[in-house]
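To be precise, the following lines are upload.cif, and they hold mmCIF, C-alpha atoms and all ligand atoms.
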```cif
data_final
#
loop_
_atom_site.label_atom_id
_atom_site.label_comp_id
_atom_site.auth_asym_id
_atom_site.auth_seq_id
_atom_site.Cartn_x
_atom_site.Cartn_y
_atom_site.Cartn_z
CA MET A 281 19.34 6.26 -5.01
CA ILE A 282 17.70 4.46 -2.12
CA VAL A 283 13.90 4.09 -1.99
CA GLN A 284 12.53 3.27 1.44
CA VAL A 285 9.01 1.80 1.49
CA LEU A 286 7.27 3.56 4.39
CA GLY A 287 3.83 2.31 3.39
CA CYS A 288 2.40 0.23 0.54
CA SER A 289 -1.00 -0.88 1.77
CA GLY A 290 -4.45 0.17 0.57
CA SER A 291 -5.58 0.92 4.10
CA ILE A 292 -4.66 0.50 7.76
CA ALA A 293 -4.42 -2.47 10.13
CA ALA A 294 -1.62 -3.70 12.40
CA GLY A 295 1.51 -3.88 10.23
CA CYS A 296 -0.18 -2.07 7.32
CA ARG A 297 0.74 1.52 6.42
CA THR A 298 -0.76 3.52 3.57
CA THR A 299 1.28 4.71 0.61
CA SER A 300 4.53 6.54 1.13
CA PHE A 301 8.06 6.20 -0.24
CA LEU A 302 11.19 8.05 0.87
CA LEU A 303 13.77 8.75 -1.87
CA ASP A 304 17.18 9.00 -0.18
CA ASP A 305 16.43 11.20 2.82
CA ASP A 306 14.79 14.30 1.43
CA ILE A 307 12.00 13.49 -1.06
CA LEU A 308 8.74 11.89 -0.02
CA VAL A 309 6.48 10.34 -2.65
CA ASP A 310 2.96 10.44 -1.20
CA ALA A 311 2.40 10.94 2.49
CA GLY A 312 0.32 8.09 3.86
CA THR A 313 0.37 6.72 7.40
CA GLY A 314 3.84 5.18 6.96
CA VAL A 315 5.45 8.62 7.32
CA GLY A 316 4.73 8.47 11.07
CA ASP A 317 7.28 5.67 11.53
CA LEU A 318 10.19 8.01 10.74
CA PRO A 319 12.07 9.55 13.69
CA LEU A 320 11.70 13.29 14.14
CA ASP A 321 15.17 14.13 12.78
CA ALA A 322 14.41 12.15 9.59
CA LEU A 323 11.09 13.97 9.23
CA ALA A 324 12.90 17.30 9.53
CA ARG A 325 15.19 16.41 6.59
CA ILE A 326 12.29 16.09 4.13
CA GLU A 327 12.43 18.98 1.63
CA HIS A 328 9.92 17.84 -1.01
CA ILE A 329 6.64 15.93 -1.01
CA LEU A 330 5.33 14.64 -4.35
CA VAL A 331 1.61 13.99 -4.08
CA SER A 332 -0.08 11.67 -6.59
CA HIS A 333 -3.66 12.74 -5.80
CA SER A 334 -5.93 14.09 -3.09
CA HIS A 335 -7.24 10.86 -1.53
CA LEU A 336 -6.80 10.62 2.24
CA ASP A 337 -4.59 7.52 2.26
CA HIS A 338 -1.95 9.48 0.26
CA ILE A 339 -2.08 12.88 1.98
CA LEU A 340 -2.96 12.42 5.62
CA SER A 341 0.58 12.81 6.95
CA ILE A 342 1.33 16.11 5.19
CA GLY A 343 -0.32 18.27 7.84
CA LEU A 344 0.99 16.20 10.74
CA LEU A 345 4.52 16.25 9.30
CA ALA A 346 4.33 20.04 8.96
CA ASP A 347 3.29 20.35 12.59
CA SER A 348 6.05 17.98 13.79
CA VAL A 349 8.95 19.68 12.00
CA MET A 350 7.91 23.34 12.10
CA ARG A 351 10.03 24.22 15.15
CA ALA A 352 13.12 22.29 14.05
CA ARG A 353 13.02 23.84 10.58
CA ARG A 354 12.54 27.34 11.94
CA GLN A 355 15.49 26.92 14.35
CA ALA A 356 17.64 25.75 11.44
CA SER A 357 16.40 28.64 9.23
CA ARG A 358 15.22 26.18 6.61
CA GLY A 359 12.69 27.21 4.00
CA PRO A 360 9.30 25.61 3.45
CA ILE A 361 8.80 21.96 2.52
CA GLN A 362 7.68 22.03 -1.11
CA VAL A 363 4.51 20.08 -1.88
CA HIS A 364 4.34 19.23 -5.59
CA ALA A 365 1.02 18.14 -7.09
CA LEU A 366 -1.54 18.91 -9.79
CA PRO A 367 -3.33 22.27 -9.28
CA GLU A 368 -6.57 20.37 -8.58
CA THR A 369 -4.84 18.36 -5.83
CA LEU A 370 -3.36 21.50 -4.27
CA ALA A 371 -6.78 23.18 -4.36
CA ALA A 372 -8.28 20.16 -2.59
CA LEU A 373 -5.60 20.33 0.12
CA ARG A 374 -6.18 24.04 0.58
CA ASP A 375 -10.00 23.80 0.63
CA HIS A 376 -10.51 20.58 2.58
CA ILE A 377 -7.44 20.06 4.82
CA PHE A 378 -5.59 23.33 5.44
CA ASN A 379 -8.80 25.28 5.93
CA GLY A 380 -8.61 26.06 9.64
CA VAL A 381 -11.38 23.55 10.38
CA ILE A 382 -9.83 20.15 9.67
CA TRP A 383 -6.28 21.47 10.22
CA PRO A 384 -4.49 24.82 10.47
CA ASP A 385 -3.24 26.48 7.28
CA PHE A 386 0.43 25.50 7.38
CA THR A 387 1.02 27.42 4.14
CA ARG A 388 0.75 30.51 6.38
CA LEU A 389 2.28 29.14 9.60
CA PRO A 390 4.32 29.81 11.66
CA SER A 391 4.08 33.05 9.63
CA ALA A 392 2.76 34.02 6.21
CA GLU A 393 6.29 35.21 5.28
CA HIS A 394 8.05 32.02 6.39
CA PRO A 395 5.57 29.13 6.24
CA VAL A 396 6.48 25.48 6.78
CA LEU A 397 4.69 24.33 3.58
CA ALA A 398 4.73 25.76 0.05
CA LEU A 399 2.36 24.40 -2.60
CA LYS A 400 3.90 23.94 -6.07
CA PRO A 401 1.72 23.06 -9.07
CA VAL A 402 2.95 20.45 -11.58
CA ALA A 403 1.59 19.18 -14.91
CA VAL A 404 1.65 15.77 -16.58
CA GLY A 405 4.78 15.47 -18.72
CA GLU A 406 6.70 18.04 -16.67
CA VAL A 407 10.25 17.11 -15.68
CA MET A 408 11.40 18.50 -12.34
CA GLU A 409 14.92 18.75 -10.96
CA LEU A 410 14.58 18.27 -7.20
CA ALA A 411 17.46 17.74 -4.78
CA GLY A 412 19.68 16.53 -7.63
CA LYS A 413 17.08 14.13 -9.03
CA ARG A 414 15.25 14.22 -12.34
CA ILE A 415 11.57 13.41 -11.83
CA GLU A 416 8.90 13.20 -14.52
CA VAL A 417 5.18 13.55 -13.83
CA LEU A 418 3.28 10.62 -15.40
CA PRO A 419 -0.41 10.34 -16.32
CA ALA A 420 -2.80 8.32 -14.12
CA ALA A 421 -6.49 7.49 -14.57
CA HIS A 422 -8.32 7.62 -11.25
CA THR A 423 -11.61 9.02 -9.85
CA VAL A 424 -9.95 12.35 -9.05
CA PRO A 425 -7.16 14.15 -10.94
CA ALA A 426 -4.10 11.97 -10.36
CA VAL A 427 -0.54 11.39 -11.52
CA GLY A 428 2.32 8.97 -11.12
CA PHE A 429 6.03 9.78 -10.96
CA ALA A 430 9.18 8.47 -12.62
CA VAL A 431 12.54 9.10 -10.98
CA ASP A 432 15.70 8.84 -13.07
CA GLY A 433 17.96 6.22 -11.50
CA GLY A 434 20.72 6.62 -14.11
CA GLU A 435 22.29 3.28 -15.05
CA ALA A 436 19.74 1.45 -12.90
CA GLY A 437 16.90 2.80 -15.06
CA TRP A 438 13.84 4.75 -13.96
CA TRP A 439 11.97 4.04 -10.73
CA VAL A 440 8.35 4.32 -11.83
CA TYR A 441 5.39 4.70 -9.48
CA THR A 442 1.95 4.57 -11.09
CA GLY A 443 -0.05 6.18 -8.27
CA ASP A 444 -3.64 5.00 -7.92
CA THR A 445 -4.91 4.19 -11.40
CA GLY A 446 -7.26 2.09 -13.44
CA PRO A 447 -6.37 1.08 -16.99
CA ASN A 448 -3.97 3.76 -18.21
CA PRO A 449 -2.96 3.55 -21.91
CA LEU A 450 -1.12 6.90 -21.81
CA LEU A 451 1.25 5.55 -19.18
CA TRP A 452 2.34 2.61 -21.34
CA GLN A 453 2.85 4.91 -24.32
CA ARG A 454 5.23 7.00 -22.27
CA LEU A 455 7.06 4.03 -20.73
CA GLN A 456 7.83 2.67 -24.21
CA HIS A 457 10.41 5.45 -24.37
CA MET A 458 11.95 4.92 -20.93
CA LYS A 459 14.31 2.30 -19.54
CA VAL A 460 12.19 1.09 -16.62
CA GLY A 461 14.33 -0.32 -13.81
CA HIS A 462 11.52 -0.82 -11.30
CA LEU A 463 7.77 -0.44 -11.71
CA VAL A 464 5.70 0.10 -8.57
CA ILE A 465 2.10 -0.46 -9.65
CA GLU A 466 -1.08 -0.70 -7.69
CA THR A 467 -3.45 -3.65 -7.48
CA ALA A 468 -6.02 -2.52 -4.95
CA PHE A 469 -8.59 -5.31 -5.26
CA SER A 470 -8.81 -9.03 -5.96
CA ASP A 471 -10.64 -10.29 -9.06
CA ASP A 472 -13.69 -11.04 -6.86
CA GLU A 473 -14.08 -7.30 -6.53
CA ARG A 474 -13.42 -6.40 -10.15
CA GLN A 475 -16.60 -4.31 -10.34
CA LEU A 476 -15.51 -2.27 -7.36
CA ALA A 477 -12.05 -1.90 -8.92
CA ARG A 478 -13.63 -0.68 -12.17
CA ILE A 479 -15.87 1.98 -10.62
CA SER A 480 -13.21 3.20 -8.19
CA ARG A 481 -10.64 3.23 -11.03
CA HIS A 482 -8.17 0.86 -9.46
CA LEU A 483 -6.64 -2.35 -10.84
CA CYS A 484 -7.46 -5.95 -9.99
CA PRO A 485 -5.14 -8.82 -11.08
CA ALA A 486 -7.00 -9.46 -14.36
CA ALA A 487 -6.78 -5.75 -15.26
CA LEU A 488 -3.12 -5.70 -14.16
CA GLY A 489 -2.45 -8.55 -16.58
CA HIS A 490 -3.88 -6.53 -19.47
CA GLU A 491 -1.84 -3.49 -18.46
CA LEU A 492 1.47 -5.35 -18.12
CA LYS A 493 1.12 -6.74 -21.64
CA LEU A 494 1.73 -3.15 -22.74
CA LEU A 495 5.11 -3.04 -20.95
CA ALA A 496 7.95 -4.40 -23.07
CA GLY A 497 10.63 -6.81 -21.88
CA SER A 498 10.97 -8.31 -18.44
CA VAL A 499 10.81 -5.72 -15.68
CA ASP A 500 10.97 -5.85 -11.86
CA VAL A 501 7.34 -5.16 -10.95
CA HIS A 502 6.39 -4.38 -7.34
CA ILE A 503 2.72 -4.55 -6.36
CA THR A 504 1.44 -1.89 -3.98
CA HIS A 505 -1.87 -0.67 -2.48
CA ILE A 506 -3.33 -4.14 -1.79
CA LYS A 507 -6.14 -3.88 0.78
CA PRO A 508 -5.38 -5.42 4.20
CA GLY A 509 -6.53 -9.04 4.28
CA GLU A 510 -6.43 -9.37 0.47
CA MET A 511 -2.70 -9.98 0.06
CA ASN A 512 -2.87 -13.75 -0.50
CA ALA A 513 -5.85 -13.63 -2.86
CA VAL A 514 -4.35 -10.85 -4.97
CA MET A 515 -0.87 -12.37 -5.20
CA ASP A 516 -2.28 -15.86 -6.00
CA GLU A 517 -4.29 -14.38 -8.87
CA ILE A 518 -1.28 -12.40 -10.10
CA GLY A 519 0.82 -15.59 -9.98
CA LYS A 520 -1.58 -17.20 -12.46
CA LEU A 521 -1.20 -14.41 -15.04
CA GLY A 522 1.85 -16.02 -16.64
CA SER A 523 3.45 -12.60 -17.08
CA PRO A 524 7.04 -12.35 -18.42
CA HIS A 525 7.75 -9.72 -15.76
CA ARG A 526 9.24 -10.43 -12.34
CA ILE A 527 6.25 -9.59 -10.14
CA ARG A 528 6.28 -9.49 -6.36
CA ALA A 529 4.41 -7.80 -3.54
CA LEU A 530 6.05 -4.77 -2.00
CA ALA A 531 6.56 -4.92 1.79
CA VAL A 532 6.61 -2.09 4.30
CA GLY A 533 10.11 -1.36 5.58
CA GLU A 534 11.72 -2.68 2.41
CA VAL A 535 14.60 -0.71 0.91
CA MET A 536 15.04 -0.63 -2.87
CA ASN A 537 18.63 0.15 -3.84
CA LEU A 538 18.98 1.77 -7.25
CA SER A 539 22.61 2.72 -6.89
CA GLU A 540 24.77 2.07 -9.93
CA GLN A 541 26.98 -0.32 -7.96
CA ALA A 542 23.95 -2.38 -7.01
CA SER A 543 22.69 -2.51 -10.58
CA ARG A 544 26.11 -3.75 -11.71
CA ALA A 545 26.36 -6.27 -8.88
CA TYR A 546 23.02 -7.81 -9.76
CA GLY A 547 23.53 -7.52 -13.52
ZN ZN B 601 -7.04 7.03 -4.65
ZN ZN B 602 -5.00 5.14 -2.50
#
```
What's the structure tokens form of this structure?
Ligand SMILES: [Zn+2]
Ligand SMILES: [Zn+2]
Amino acid sequence: MIVQVLGCSGSIAAGCRTTSFLLDDDILVDAGTGVGDLPLDALARIEHILVSHSHLDHILSIGLLADSVMRARRQASRGPIQVHALPETLAALRDHIFNGVIWPDFTRLPSAEHPVLALKPVAVGEVMELAGKRIEVLPAAHTVPAVGFAVDGGEAGWWVYTGDTGPNPLLWQRLQHMKVGHLVIETAFSDDERQLARISRHLCPAALGHELKLLAGSVDVHITHIKPGEMNAVMDEIGKLGSPHRIRALAVGEVMNLSEQASRAYG
């Protein structure tokens, strides 16, 4: 499995794209501004969108993507793109985005019989089989109903994405029973802004340190969702944690290779 980092920033600025990951060529995990960097033919190959929660930085490309690929998918007689999220997240999309005011209702376009988007509810703990991949819905603890996702990478272990989350004991309980190959975890704020992190239910480096103590062994940890301009402060503070894990900042455009050959090659 290849994971392409389309966006891993907490907001926008030149060179910064908000959260989105492309698994191989057909599953999108969150749909932030980074989706817009894909060429049209790559956009048209996306069959599934996994949405962690309803915040704008994670959903804003869903409606634009639907608009971009509608004609190509209709010409190819392809079914709707399936949008998988908690029922509360789907209700928010329906009520506040696809409401005919902010954006057209692409769950009924180009026709109610053959729409370009289909909304599919998921629950925490559910395991989905999508496009040949096994994907588990993980708990998250954020200001709105939210989840993370774990994708089974076989020999390479699970690719785990926390979504936006504050301290999340249920996640670490679950990960005790998984072989984690890669952990993509958010650290939205620096320690200076720990109060803001607490009330917005995000992590800062000090909180990240507490969380990672609950993850056994030595894991490849990739930091995502850092606010533009905060990268150096956040990574300096993380560097002082003295964690046994291999922690680094994720970069837009990066490709994570979880193929079995790669895992063998790198031991
Ligand atoms: Zn959020
Ligand atoms: Zn976010």
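Where the distance criterion is 10 Å and the atoms used are all atoms listed in the file, the residues close to ligand ZN 602 (chain B) are Cys288, Ser289, Gly290, Ser291, Thr298, Thr299, Asp310, Gly312, Ser332, His333, Ser334, His335, Leu336, Asp337, His338, Ile339, His422, Gly443, Asp444, Thr445, Glu466, Ala468, His482, Thr504, His505, Ile506 and Lys507 of chain A.
Using all atoms listed in the file, the protein and nucleic acid residues lying at most 12 Å from the point (-9.5, 14.5, 8.9) are His335, Leu336, Asp337, Ile339, Leu340, Ser341, Ile342, Gly343, Leu344, Leu373, His376, Ile377, Phe378, Asn379, Gly380, Val381, Ile382, Trp383 and Pro384 of chain A.
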Output C-alpha atoms of each residue in that selection to a file, as a PDB file, in the coordinates of the input.
```pdb
ATOM      1  CA  HIS A 335      -7.240  10.860  -1.530  1.00  0.00           C
ATOM      2  CA  LEU A 336      -6.800  10.620   2.240  1.00  0.00           C
ATOM      3  CA  ASP A 337      -4.590   7.520   2.260  1.00  0.00           C
ATOM      4  CA  ILE A 339      -2.080  12.880   1.980  1.00  0.00           C
ATOM      5  CA  LEU A 340      -2.960  12.420   5.620  1.00  0.00           C
ATOM      6  CA  SER A 341       0.580  12.810   6.950  1.00  0.00           C
ATOM      7  CA  ILE A 342       1.330  16.110   5.190  1.00  0.00           C
ATOM      8  CA  GLY A 343      -0.320  18.270   7.840  1.00  0.00           C
ATOM      9  CA  LEU A 344       0.990  16.200  10.740  1.00  0.00           C
ATOM     10  CA  LEU A 373      -5.600  20.330   0.120  1.00  0.00           C
ATOM     11  CA  HIS A 376     -10.510  20.580   2.580  1.00  0.00           C
ATOM     12  CA  ILE A 377      -7.440  20.060   4.820  1.00  0.00           C
ATOM     13  CA  PHE A 378      -5.590  23.330   5.440  1.00  0.00           C
ATOM     14  CA  ASN A 379      -8.800  25.280   5.930  1.00  0.00           C
ATOM     15  CA  GLY A 380      -8.610  26.060   9.640  1.00  0.00           C
ATOM     16  CA  VAL A 381     -11.380  23.550  10.380  1.00  0.00           C
ATOM     17  CA  ILE A 382      -9.830  20.150   9.670  1.00  0.00           C
ATOM     18  CA  TRP A 383      -6.280  21.470  10.220  1.00  0.00           C
ATOM     19  CA  PRO A 384      -4.490  24.820  10.470  1.00  0.00           C
TER      20      PRO A 384
END
```
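Counting all atoms listed in the file and comparing A:His457, A:Val514, A:Val532, A:Trp438, the residue that lies closest to A:Arg474 is A:Val514.
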With stretch 521-528 of chain A as the partner and 10 Å as the cut-off, tabulate the residues of stretch 418-490 of chain A that qualify, each row holding the nearest pair of atoms and their distance in Å to one decimal, using all atoms listed in the file, sorted by chain and rising number, as a tab-separated table.
```
residue	atom	partner	partner_atom	distance
A:His462	CA	A:Arg526	CA	9.9
A:Leu463	CA	A:Ile527	CA	9.4
A:Val464	CA	A:Ile527	CA	9.8
A:Pro485	CA	A:Leu521	CA	7.9
A:Ala486	CA	A:Leu521	CA	7.7
A:Leu488	CA	A:Leu521	CA	9.0
A:Gly489	CA	A:Leu521	CA	6.2
A:His490	CA	A:Leu521	CA	9.4
```
Generate a file of the selected residues that holds C-alpha atoms, formatted as an mmCIF file, keeping the file's coordinate frame.
```
data_model
loop_
_atom_site.group_PDB
_atom_site.id
_atom_site.type_symbol
_atom_site.label_atom_id
_atom_site.label_comp_id
_atom_site.auth_asym_id
_atom_site.auth_seq_id
_atom_site.Cartn_x
_atom_site.Cartn_y
_atom_site.Cartn_z
ATOM 1 C CA HIS A 462 11.520 -0.820 -11.300
ATOM 2 C CA LEU A 463 7.770 -0.440 -11.710
ATOM 3 C CA VAL A 464 5.700 0.100 -8.570
ATOM 4 C CA PRO A 485 -5.140 -8.820 -11.080
ATOM 5 C CA ALA A 486 -7.000 -9.460 -14.360
ATOM 6 C CA LEU A 488 -3.120 -5.700 -14.160
ATOM 7 C CA GLY A 489 -2.450 -8.550 -16.580
ATOM 8 C CA HIS A 490 -3.880 -6.530 -19.470
#
```
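Remark: for A:Ala371, the closest of the candidate residues A:Lys413, A:Arg351, A:Arg325, A:Lys400 is A:Lys400 (distances computed over all atoms listed in the file).
Residues lying at most 12 Å from (11.9, -6.4, -24.4) in file coordinates, with all atoms listed in the file considered, are Gln456, His457, Met458, Lys459, Val460, Lys493, Leu494, Leu495, Ala496, Gly497, Ser498, Val499, Pro524 and His525 of chain A.
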When you count only C-alpha atoms and all ligand atoms, which of these residues is closest to ligand ZN 601 (chain B): A:Leu483, A:Val424, A:Val440, A:Val501?
A:Val424
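Nearest residue to ligand ZN 601 (chain B) among A:Ile329, A:Ile479, A:Val283, A:Leu455 is A:Ile479, counting only C-alpha atoms and all ligand atoms.
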Check the smallest atom-to-atom distance from each of A:Val427, A:Ala352, A:Ala365, A:Ala293 to ligand ZN 601 (chain B) using only C-alpha atoms and all ligand atoms, then report the winner.
A:Val427
